[in-house]
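Source file entry.pdb; content: PDB, C-alpha atoms.
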```
ATOM      1  CA  MET M 157       0.000   0.000   0.000
ATOM      2  CA  LYS M 158       1.132   3.556  -0.700
ATOM      3  CA  PHE M 159       1.133   6.031   2.162
ATOM      4  CA  ALA M 160       1.431   9.810   2.256
ATOM      5  CA  ILE M 161       2.377  11.075   5.702
ATOM      6  CA  ALA M 162       1.673  14.645   6.815
ATOM      7  CA  LEU M 163       3.070  16.022  10.053
ATOM      8  CA  PHE M 164       1.808  19.200  11.739
ATOM      9  CA  SER M 165       3.492  19.183  15.151
ATOM     10  CA  PRO M 166       7.000  20.259  16.225
ATOM     11  CA  PRO M 167       9.866  17.788  16.823
ATOM     12  CA  HIS M 168       9.371  17.773  20.608
ATOM     13  CA  ALA M 169       5.713  16.702  20.333
ATOM     14  CA  PRO M 170       4.756  13.100  21.075
ATOM     15  CA  SER M 171       2.952  12.972  17.728
ATOM     16  CA  SER M 172       6.275  13.516  15.929
ATOM     17  CA  ARG M 173       7.691  10.425  17.599
ATOM     18  CA  ARG M 174       4.535   8.458  16.818
ATOM     19  CA  ALA M 175       4.730   9.542  13.192
ATOM     20  CA  LEU M 176       8.322   8.324  12.922
ATOM     21  CA  ARG M 177       7.444   4.968  14.494
ATOM     22  CA  PHE M 178       4.548   4.700  12.061
ATOM     23  CA  ALA M 179       6.738   5.559   9.078
ATOM     24  CA  GLU M 180       9.291   2.937  10.151
ATOM     25  CA  ALA M 181       6.511   0.362  10.445
ATOM     26  CA  VAL M 182       5.199   1.252   6.982
ATOM     27  CA  LEU M 183       8.566   0.440   5.405
ATOM     28  CA  ALA M 184       9.181  -2.587   7.624
ATOM     29  CA  GLY M 185       5.829  -3.947   6.483
ATOM     30  CA  GLY M 186       6.900  -3.735   2.855
ATOM     31  CA  HIS M 187       4.730  -0.728   2.044
ATOM     32  CA  GLU M 188       5.714   2.479   0.313
ATOM     33  CA  ILE M 189       5.889   6.088   1.528
ATOM     34  CA  VAL M 190       5.184   8.286  -1.482
ATOM     35  CA  ARG M 191       5.987  11.483   0.373
ATOM     36  CA  LEU M 192       6.461  13.032   3.797
ATOM     37  CA  PHE M 193       5.021  16.516   4.113
ATOM     38  CA  LEU M 194       5.726  19.015   6.890
ATOM     39  CA  TYR M 195       3.262  21.793   7.618
ATOM     40  CA  GLN M 196       2.580  24.221  10.454
ATOM     41  CA  ASP M 197       4.994  23.854  13.399
ATOM     42  CA  ALA M 198       6.311  20.575  11.936
ATOM     43  CA  VAL M 199       8.527  22.647   9.631
ATOM     44  CA  GLN M 200      10.927  22.859  12.597
ATOM     45  CA  HIS M 201      11.917  19.274  11.755
ATOM     46  CA  ALA M 202      13.715  20.696   8.749
ATOM     47  CA  SER M 203      15.847  23.052  10.829
ATOM     48  CA  ALA M 204      19.498  22.111  10.998
ATOM     49  CA  ALA M 205      19.934  24.569  13.859
ATOM     50  CA  LEU M 206      18.177  22.719  16.687
ATOM     51  CA  VAL M 207      20.399  22.010  19.694
ATOM     52  CA  LEU M 208      19.202  19.619  22.361
ATOM     53  CA  PRO M 209      20.798  18.636  25.664
ATOM     54  CA  GLN M 210      23.006  15.576  25.132
ATOM     55  CA  ASP M 211      20.820  13.260  27.187
ATOM     56  CA  GLU M 212      17.656  14.077  25.228
ATOM     57  CA  THR M 213      16.439  12.443  22.037
ATOM     58  CA  ASP M 214      16.830  14.630  18.968
ATOM     59  CA  GLY M 215      13.623  13.854  17.075
ATOM     60  CA  ALA M 216      14.430  16.123  14.144
ATOM     61  CA  ARG M 217      17.788  14.395  13.645
ATOM     62  CA  GLN M 218      16.141  10.964  13.837
ATOM     63  CA  TRP M 219      13.762  12.030  11.071
ATOM     64  CA  GLN M 220      16.633  13.378   8.967
ATOM     65  CA  THR M 221      18.527  10.082   9.334
ATOM     66  CA  PHE M 222      15.412   8.061   8.522
ATOM     67  CA  ILE M 223      14.817  10.106   5.373
ATOM     68  CA  SER M 224      18.431   9.833   4.182
ATOM     69  CA  ASP M 225      18.692   6.111   4.934
ATOM     70  CA  ASN M 226      15.526   5.368   2.994
ATOM     71  CA  GLN M 227      15.920   7.980   0.245
ATOM     72  CA  LEU M 228      12.449   9.371   0.917
ATOM     73  CA  ASP M 229      10.731  12.259  -0.792
ATOM     74  CA  ALA M 230      10.471  14.721   2.104
ATOM     75  CA  VAL M 231       8.883  18.109   1.514
ATOM     76  CA  VAL M 232       8.442  21.173   3.713
ATOM     77  CA  CYS M 233       5.747  23.754   2.953
ATOM     78  CA  ILE M 234       7.704  26.830   1.951
ATOM     79  CA  ALA M 235       5.195  29.385   3.267
ATOM     80  CA  ALA M 236       4.965  27.677   6.661
ATOM     81  CA  ALA M 237       8.764  27.349   6.782
ATOM     82  CA  LEU M 238       9.485  31.005   5.973
ATOM     83  CA  ARG M 239       7.003  32.122   8.619
ATOM     84  CA  ARG M 240       8.939  30.055  11.185
ATOM     85  CA  GLY M 241      12.476  30.902  10.132
ATOM     86  CA  VAL M 242      13.423  27.734   8.260
ATOM     87  CA  LEU M 243      15.188  28.994   5.129
ATOM     88  CA  ASN M 244      17.358  27.432   2.448
ATOM     89  CA  ASP M 245      20.190  29.329   0.703
ATOM     90  CA  GLU M 246      17.934  30.635  -2.019
ATOM     91  CA  GLU M 247      15.224  31.918   0.336
ATOM     92  CA  ALA M 248      17.744  33.442   2.750
ATOM     93  CA  ALA M 249      19.253  35.372  -0.164
ATOM     94  CA  ARG M 250      15.858  36.333  -1.595
ATOM     95  CA  HIS M 251      14.621  37.764   1.706
ATOM     96  CA  ASP M 252      17.975  39.180   2.780
ATOM     97  CA  LYS M 253      18.209  37.063   5.933
ATOM     98  CA  PRO M 254      21.504  36.112   7.548
ATOM     99  CA  ALA M 255      21.038  32.431   8.264
ATOM    100  CA  THR M 256      20.333  29.311   6.304
ATOM    101  CA  VAL M 257      18.994  26.684   8.642
ATOM    102  CA  GLN M 258      17.357  24.108   6.451
ATOM    103  CA  SER M 259      18.507  20.497   6.709
ATOM    104  CA  ARG M 260      19.382  18.943   3.355
ATOM    105  CA  ALA M 261      17.169  15.945   4.072
ATOM    106  CA  TRP M 262      14.127  18.073   3.276
ATOM    107  CA  THR M 263      13.059  20.082   0.230
ATOM    108  CA  LEU M 264      11.153  23.374   0.376
ATOM    109  CA  SER M 265       8.120  23.399  -1.896
ATOM    110  CA  GLY M 266       4.455  24.327  -2.014
ATOM    111  CA  LEU M 267       1.153  22.937  -0.764
ATOM    112  CA  GLY M 268       0.554  21.458  -4.207
ATOM    113  CA  GLN M 269       3.002  18.742  -3.138
ATOM    114  CA  LEU M 270       0.643  17.744  -0.330
ATOM    115  CA  HIS M 271      -2.269  17.470  -2.748
ATOM    116  CA  GLU M 272      -0.182  15.540  -5.260
ATOM    117  CA  ALA M 273       0.964  13.107  -2.554
ATOM    118  CA  ASN M 274      -2.651  12.648  -1.551
ATOM    119  CA  GLN M 275      -3.539  11.714  -5.125
ATOM    120  CA  LEU M 276      -0.607   9.290  -5.458
ATOM    121  CA  ALA M 277      -1.250   7.525  -2.155
ATOM    122  CA  ASP M 278      -3.855   5.002  -1.082
ATOM    123  CA  ARG M 279      -3.898   6.526   2.395
ATOM    124  CA  LEU M 280      -3.055   9.926   3.804
ATOM    125  CA  ILE M 281      -2.027   9.678   7.455
ATOM    126  CA  CYS M 282      -1.786  12.910   9.469
ATOM    127  CA  PHE M 283      -0.009  13.422  12.774
ATOM    128  CA  GLY M 284      -0.370  16.388  15.086
ATOM    129  CA  GLY M 285      -2.778  19.238  14.700
ATOM    130  CA  PRO M 286      -5.026  20.627  17.396
TER     131      PRO M 286
ATOM    132  CA  MET W  34     -10.612   9.652 -10.624
ATOM    133  CA  SER W  35      -9.198  12.093  -8.089
ATOM    134  CA  GLN W  36      -9.305  11.287  -4.404
ATOM    135  CA  SER W  37     -11.561  13.671  -2.544
ATOM    136  CA  LEU W  38     -10.307  15.552   0.488
ATOM    137  CA  LEU W  39     -12.211  17.060   3.400
ATOM    138  CA  ILE W  40     -10.342  19.791   5.254
ATOM    139  CA  VAL W  41     -11.551  20.356   8.800
ATOM    140  CA  THR W  42     -10.662  23.765  10.183
ATOM    141  CA  ARG W  43     -10.931  23.994  13.980
ATOM    142  CA  GLN W  44      -9.028  27.143  14.931
ATOM    143  CA  ALA W  45     -10.379  30.631  15.577
ATOM    144  CA  PRO W  46      -8.949  33.256  13.225
ATOM    145  CA  TRP W  47      -7.234  35.081  16.126
ATOM    146  CA  SER W  48      -5.597  32.011  17.704
ATOM    147  CA  GLY W  49      -2.531  31.773  15.460
ATOM    148  CA  PRO W  50      -1.827  30.862  11.863
ATOM    149  CA  GLY W  51      -3.894  27.633  12.017
ATOM    150  CA  ALA W  52      -7.050  29.010  10.416
ATOM    151  CA  ARG W  53      -5.108  30.611   7.577
ATOM    152  CA  GLU W  54      -3.017  27.491   7.048
ATOM    153  CA  ALA W  55      -6.097  25.266   6.817
ATOM    154  CA  LEU W  56      -7.612  27.686   4.330
ATOM    155  CA  ASP W  57      -4.405  27.699   2.281
ATOM    156  CA  ILE W  58      -4.675  23.923   1.843
ATOM    157  CA  ALA W  59      -8.199  24.395   0.483
ATOM    158  CA  LEU W  60      -7.207  27.221  -1.858
ATOM    159  CA  ALA W  61      -4.182  25.300  -3.161
ATOM    160  CA  GLY W  62      -6.342  22.238  -3.849
ATOM    161  CA  GLY W  63      -8.976  24.376  -5.539
ATOM    162  CA  ALA W  64      -6.324  25.767  -7.860
ATOM    163  CA  PHE W  65      -5.592  22.162  -8.958
ATOM    164  CA  ASP W  66      -9.288  21.526  -9.511
ATOM    165  CA  LEU W  67      -9.375  18.744  -6.914
ATOM    166  CA  PRO W  68     -12.624  17.607  -5.299
ATOM    167  CA  LEU W  69     -12.515  19.172  -1.856
ATOM    168  CA  GLY W  70     -14.728  20.177   0.997
ATOM    169  CA  LEU W  71     -14.095  22.512   3.897
ATOM    170  CA  LEU W  72     -15.754  21.974   7.263
ATOM    171  CA  PHE W  73     -15.790  24.668   9.955
ATOM    172  CA  LEU W  74     -15.801  22.870  13.295
ATOM    173  CA  ASP W  75     -15.319  23.816  16.960
ATOM    174  CA  ASP W  76     -13.583  27.228  17.257
ATOM    175  CA  GLY W  77     -13.188  27.179  13.471
ATOM    176  CA  VAL W  78     -16.770  28.488  13.232
ATOM    177  CA  PHE W  79     -15.508  31.863  14.529
ATOM    178  CA  GLN W  80     -13.944  32.313  11.077
ATOM    179  CA  LEU W  81     -17.499  32.778   9.787
ATOM    180  CA  ALA W  82     -18.672  35.224  12.445
ATOM    181  CA  PRO W  83     -19.831  38.652  11.277
ATOM    182  CA  GLY W  84     -18.533  42.002  12.497
ATOM    183  CA  GLN W  85     -14.963  41.005  13.258
ATOM    184  CA  GLN W  86     -12.282  43.667  13.712
ATOM    185  CA  PRO W  87      -8.968  41.859  13.317
ATOM    186  CA  ALA W  88      -7.102  45.164  12.964
ATOM    187  CA  SER W  89      -7.733  45.836  16.651
ATOM    188  CA  LEU W  90      -5.485  42.837  17.372
ATOM    189  CA  THR W  91      -3.072  43.942  14.619
ATOM    190  CA  LEU W  92      -4.102  40.843  12.667
ATOM    191  CA  LYS W  93      -4.653  40.576   8.938
ATOM    192  CA  ASP W  94      -8.269  39.996   7.960
ATOM    193  CA  LEU W  95      -8.989  36.406   6.939
ATOM    194  CA  GLN W  96     -12.269  37.370   5.280
ATOM    195  CA  ALA W  97     -10.818  38.263   1.878
ATOM    196  CA  ASN W  98      -9.157  34.845   1.682
ATOM    197  CA  LEU W  99     -12.334  33.074   2.777
ATOM    198  CA  GLN W 100     -14.343  34.920   0.156
ATOM    199  CA  ALA W 101     -11.907  33.615  -2.488
ATOM    200  CA  LEU W 102     -12.995  30.000  -1.873
ATOM    201  CA  PRO W 103     -15.803  29.931  -4.480
ATOM    202  CA  MET W 104     -13.509  31.631  -6.998
ATOM    203  CA  PHE W 105     -11.014  28.808  -6.475
ATOM    204  CA  GLY W 106     -13.755  26.277  -7.087
ATOM    205  CA  VAL W 107     -14.171  25.313  -3.428
ATOM    206  CA  GLU W 108     -17.929  25.437  -3.038
ATOM    207  CA  ALA W 109     -18.513  22.473  -0.743
ATOM    208  CA  LEU W 110     -18.526  24.445   2.514
ATOM    209  CA  TYR W 111     -19.970  23.051   5.742
ATOM    210  CA  VAL W 112     -20.397  24.141   9.330
ATOM    211  CA  SER W 113     -21.322  22.215  12.441
ATOM    212  CA  ALA W 114     -24.659  23.322  13.953
ATOM    213  CA  ARG W 115     -23.493  22.160  17.368
ATOM    214  CA  SER W 116     -20.295  24.234  17.176
ATOM    215  CA  LEU W 117     -22.331  27.318  16.199
ATOM    216  CA  ASN W 118     -24.830  26.797  19.035
ATOM    217  CA  GLU W 119     -22.134  26.226  21.643
ATOM    218  CA  ARG W 120     -20.599  29.592  20.718
ATOM    219  CA  GLY W 121     -23.832  31.542  20.443
ATOM    220  CA  LEU W 122     -23.522  32.130  16.711
ATOM    221  CA  SER W 123     -26.568  32.215  14.474
ATOM    222  CA  ASP W 124     -26.437  30.481  11.112
ATOM    223  CA  GLY W 125     -28.325  33.410   9.568
ATOM    224  CA  ALA W 126     -25.440  35.868   9.760
ATOM    225  CA  LEU W 127     -22.437  33.889   8.587
ATOM    226  CA  GLN W 128     -19.881  35.349   6.190
ATOM    227  CA  LEU W 129     -20.019  32.516   3.634
ATOM    228  CA  PRO W 130     -22.762  30.375   2.090
ATOM    229  CA  VAL W 131     -22.210  27.236   4.162
ATOM    230  CA  GLU W 132     -24.344  24.150   4.639
ATOM    231  CA  VAL W 133     -25.250  23.707   8.310
ATOM    232  CA  LEU W 134     -24.955  20.092   9.445
ATOM    233  CA  ASP W 135     -26.126  18.380  12.599
ATOM    234  CA  ASP W 136     -24.070  15.576  14.150
ATOM    235  CA  VAL W 137     -25.652  12.912  11.949
ATOM    236  CA  GLY W 138     -24.926  15.067   8.907
ATOM    237  CA  LEU W 139     -21.303  15.413  10.020
ATOM    238  CA  SER W 140     -20.837  11.690  10.224
ATOM    239  CA  ALA W 141     -22.295  11.261   6.746
ATOM    240  CA  LEU W 142     -19.984  14.016   5.508
ATOM    241  CA  PHE W 143     -16.859  12.253   6.819
ATOM    242  CA  GLU W 144     -18.042   9.061   5.113
ATOM    243  CA  ARG W 145     -18.337  10.795   1.750
ATOM    244  CA  TYR W 146     -14.699  11.892   1.504
ATOM    245  CA  ASP W 147     -11.710   9.665   0.730
ATOM    246  CA  GLN W 148      -9.255  11.587   2.919
ATOM    247  CA  VAL W 149      -9.476  14.019   5.822
ATOM    248  CA  ILE W 150      -7.043  16.642   7.109
ATOM    249  CA  THR W 151      -7.837  18.336  10.428
ATOM    250  CA  LEU W 152      -6.048  21.525  11.422
TER     251      LEU W 152
END
```

Target encoding structure tokens, full file:
Amino acid sequence: MKFAIALFSPPHAPSSRRALRFAEAVLAGGHEIVRLFLYQDAVQHASAALVLPQDETDGARQWQTFISDNQLDAVVCIAAALRRGVLNDEEAARHDKPATVQSRAWTLSGLGQLHEANQLADRLICFGGP
Amino acid sequence: MSQSLLIVTRQAPWSGPGAREALDIALAGGAFDLPLGLLFLDDGVFQLAPGQQPASLTLKDLQANLQALPMFGVEALYVSARSLNERGLSDGALQLPVEVLDDVGLSALFERYDQVITL
């Protein structure tokens, strides 16, 4: 089965951890993840500038490793990311901001990518939200 | 055959970017001509309330974006009767032409759509 996974909550939220466990189970079960999509506060997962105390789990890094290891299509909503200070080189230059903080595991793109993933997948599974 | 998507918007327009971000999903999908519905539920019904003055909170008005929904082909608009009643809002004065659904209607609505996103 083909899954699209959308995440709305920040890396420290329990739903982020649940989403990662779910995504791991999808692949372990022989299914496919057509795309991961970050929206709202979940765009913080794509920040390469998060620093956690050494004895705490770095959820954003775990996601980045999972994406790289499995060569997943992982997209961040560009509007939600800009609003929350997650910029790539191009956007930092365009908006004259000093820092680029986007992890290379993720790609900045638009909401159309969420709709496309929804059309390609058999199931859309969302984590987080109010 | 496109998969249909119901977007459930549950945030008041003054409670953060949630209401706008739910609406943006609907507008983006409308631009791609996808079959979508938008349900105003819980505090999301405040997005439809008349006489709002967002400028007094230095917020941008969401109304113009909401009014764009039909232009983007998003005409399947719903609101929960229970959510309206709980917040003292009358369905006669809402800012958009929405279909008012009771709880049974809501359950039927969720059944009709392939996918659901709640924000």

Note to self: What would the selection look like, as a PyMOL selection string, if the ChimeraX specification (/M :<12) & /W were run on the coordinates I just shared?
What the structure shows: chain W and resi 34-45+48-69+74-77+147-152

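Distances here use only C-alpha atoms; by that measure, the residue among M:Met157, M:Arg260, M:Glu180, M:His187 closest to Ala230 in chain M is M:Arg260.
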
Notebook entry, point to check: Looking at all atoms listed in the file, which of W:Leu72, W:Glu144, W:Gly106, W:Gln100 is the one that sits closest to Leu129 in chain W?
Noted result: W:Gln100

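Counting all atoms listed in the file and comparing W:Leu99, W:Ala82, W:Leu71, W:Val137, the residue that lies closest to Asp124 in chain W is W:Ala82.
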
Residues in the PyMOL selection byres ((chain W and resi 110) around 8), expressed as a JSON list (two decimals) with C-alpha atoms, in the frame of the given file:
```
[["chain", "number", "residue", "atom", "x", "y", "z"],
["W", 70, "GLY", "CA", -14.73, 20.18, 1.00],
["W", 71, "LEU", "CA", -14.10, 22.51, 3.90],
["W", 72, "LEU", "CA", -15.75, 21.97, 7.26],
["W", 73, "PHE", "CA", -15.79, 24.67, 9.96],
["W", 107, "VAL", "CA", -14.17, 25.31, -3.43],
["W", 108, "GLU", "CA", -17.93, 25.44, -3.04],
["W", 109, "ALA", "CA", -18.51, 22.47, -0.74],
["W", 111, "TYR", "CA", -19.97, 23.05, 5.74],
["W", 112, "VAL", "CA", -20.40, 24.14, 9.33],
["W", 130, "PRO", "CA", -22.76, 30.38, 2.09],
["W", 131, "VAL", "CA", -22.21, 27.24, 4.16],
["W", 132, "GLU", "CA", -24.34, 24.15, 4.64]]
```

Checklist line | the PyMOL selection byres ((chain W and resi 83) around 10) applied to the shown file, residues as number ranges by chain | finding: W: 79-82, 84-86, 96, 122-123, 126-129

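Pairwise distance (CA of Val231 in chain M, CA of Ala216 in chain M) equals 13.9 Å.
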